[in-house]
Amino acid sequence: MQELISRYHDAVERYLRIKIKDQNLADDVLQEFWTKVLTHKLSGADETKGRFRDYLRTILHRLMVDHFRSRKTTSLPPGDLPEPEQPDKDYDHVWREVLIKRVWGRLELYEAGTANNRYATILKLRVSDPEASIQVLVDRLNSQTTQRYNAEAFRKTLQRARVKFFDLLVQELRETIANATSEDIENELNDLGLGSLYRRLK
């Protein structure tokens, strides 16, 4: 559990800073969060079911509420801190961004560890300029590497890179959902606003 939480330090910190306008207080809550992690005081989760991000959000919600109560500070405005069972767009947005960042990291590692692989490089070229023609992207790629590509090879590699990115995304999700089924993965992608990616590549 400690290892899993530590992977999402950025998500925790960013979420707290969004929800708590007082940055000093946000830092206090973040420090308490890590203290509880390191002293194993975040027990109670059933590791055989459910989404880890739901459990994590419940923990953060409780820590924020407790901090405001202990300081006798005015409660957070209604709607700023939805109950854990209610949707929270801020939390989902932060989680999605951190998730995608981690998948990019996995794809870069895959490229670095696979001979003559340019999946991450080619996919980033397309994402950075979605309106550019294939030939323009090919020329940019060929200016960066000694491995020469033509338009057809670029298209094929781009498609394989998209599939690989999606596979790594699913792998990342499986590590945060206990005993995840295909339906669980699809629901998670939809909840995070990534359903179009699933429908395009499944």
# chains A, B, ... in the order shown; residues from 1 in each chain; ligands from 1

$ residues_around --residues "segment 14-22 of chain A" --least-positions-apart "3" --cutoff "9 Å" --atoms "only C-alpha atoms" --output "VMD selection string"
chain A and resid 9 to 11 25 to 27 29 to 30 60 64 76 80 to 81 90 to 91 94 to 95

$ select_by_dssp --residues "segment 29-124 of chain A" --states "alpha helix (DSSP H)" --output "MDAnalysis selection string"
chainID A and resid 29:38 52:70 89:112 119:124

$ residues_around --residues "segment 150-167 of chain A" --least-positions-apart "6" --cutoff "8 Å" --atoms "only C-alpha atoms" --output "number ranges by chain"
A: 103-104, 107, 118-120, 122-123, 134-135, 138, 197-198, 201

$ write_last_selection --atoms "C-alpha atoms" --output "compact mmCIF listing (two decimals), in the first residue's frame"
# COMPACT_ATOMS: atom_id res chain seq x y z
CA VAL A 103 2.00 5.98 -19.21
CA TRP A 104 4.21 8.28 -21.27
CA LEU A 107 6.36 4.19 -23.29
CA ARG A 118 10.60 5.01 -31.96
CA TYR A 119 7.11 4.58 -30.51
CA ALA A 120 7.35 7.38 -27.95
CA ILE A 122 6.66 9.27 -33.17
CA LEU A 123 3.57 9.42 -30.97
CA ILE A 134 2.37 12.84 -42.21
CA GLN A 135 5.14 14.01 -44.54
CA VAL A 138 8.35 12.31 -41.27
CA LEU A 197 -9.43 6.22 -26.67
CA TYR A 198 -10.78 2.84 -25.64
CA LEU A 201 -8.40 1.17 -30.20

$ atom_distance --atom1 "atom CA of Arg140 of chain A" --atom2 "atom CA of Ser128 of chain A"
11.9 Å

$ residues_around --residues "segment 185-194 of chain A" --least-positions-apart "4" --cutoff "9 Å" --atoms "only C-alpha atoms" --output "PDB file with C-alpha atoms, in the first residue's frame"
ATOM      1  CA  ARG A  51     -10.304   1.185  -7.031  1.00  0.00           C
ATOM      2  CA  ASP A  92     -10.502  13.065 -11.635  1.00  0.00           C
ATOM      3  CA  HIS A  93      -8.666  15.711 -13.656  1.00  0.00           C
ATOM      4  CA  TRP A  95      -5.614  11.716 -11.431  1.00  0.00           C
ATOM      5  CA  ARG A  96      -6.029  11.539 -15.226  1.00  0.00           C
ATOM      6  CA  VAL A 170      -4.530  -0.588 -19.245  1.00  0.00           C
ATOM      7  CA  LEU A 173      -5.000   0.915 -14.464  1.00  0.00           C
ATOM      8  CA  ARG A 174      -4.833  -2.758 -13.510  1.00  0.00           C
ATOM      9  CA  ILE A 177      -7.898  -1.691  -9.409  1.00  0.00           C
ATOM     10  CA  ALA A 180      -9.890  -5.749 -12.410  1.00  0.00           C
ATOM     11  CA  THR A 181     -12.113  -7.193 -15.123  1.00  0.00           C
ATOM     12  CA  TYR A 198     -10.784   2.844 -25.641  1.00  0.00           C
TER      13      TYR A 198
END

$ residues_around --residues "Val136 of chain A" --least-positions-apart "4" --cutoff "12 Å" --atoms "only C-alpha atoms" --output "PyMOL selection string"
chain A and resi 125-126+129-132+140-143+149-151+154

$ closest_residue --among "A:Phe68, A:Gln171, A:Arg199, A:Val37" --to "Ile100 of chain A" --atoms "only C-alpha atoms"
A:Gln171

$ atom_distance --atom1 "atom CA of Leu99 of chain A" --atom2 "atom CA of Leu169 of chain A"
7.9 Å

$ closest_residue --among "A:Ser133, A:Ser182, A:Ile59, A:Val98" --to "Lys41 of chain A" --atoms "only C-alpha atoms"
A:Ile59

$ closest_residue --among "A:Asn24, A:Asn179, A:Gln31, A:Thr121" --to "Val12 of chain A" --atoms "only C-alpha atoms"
A:Gln31
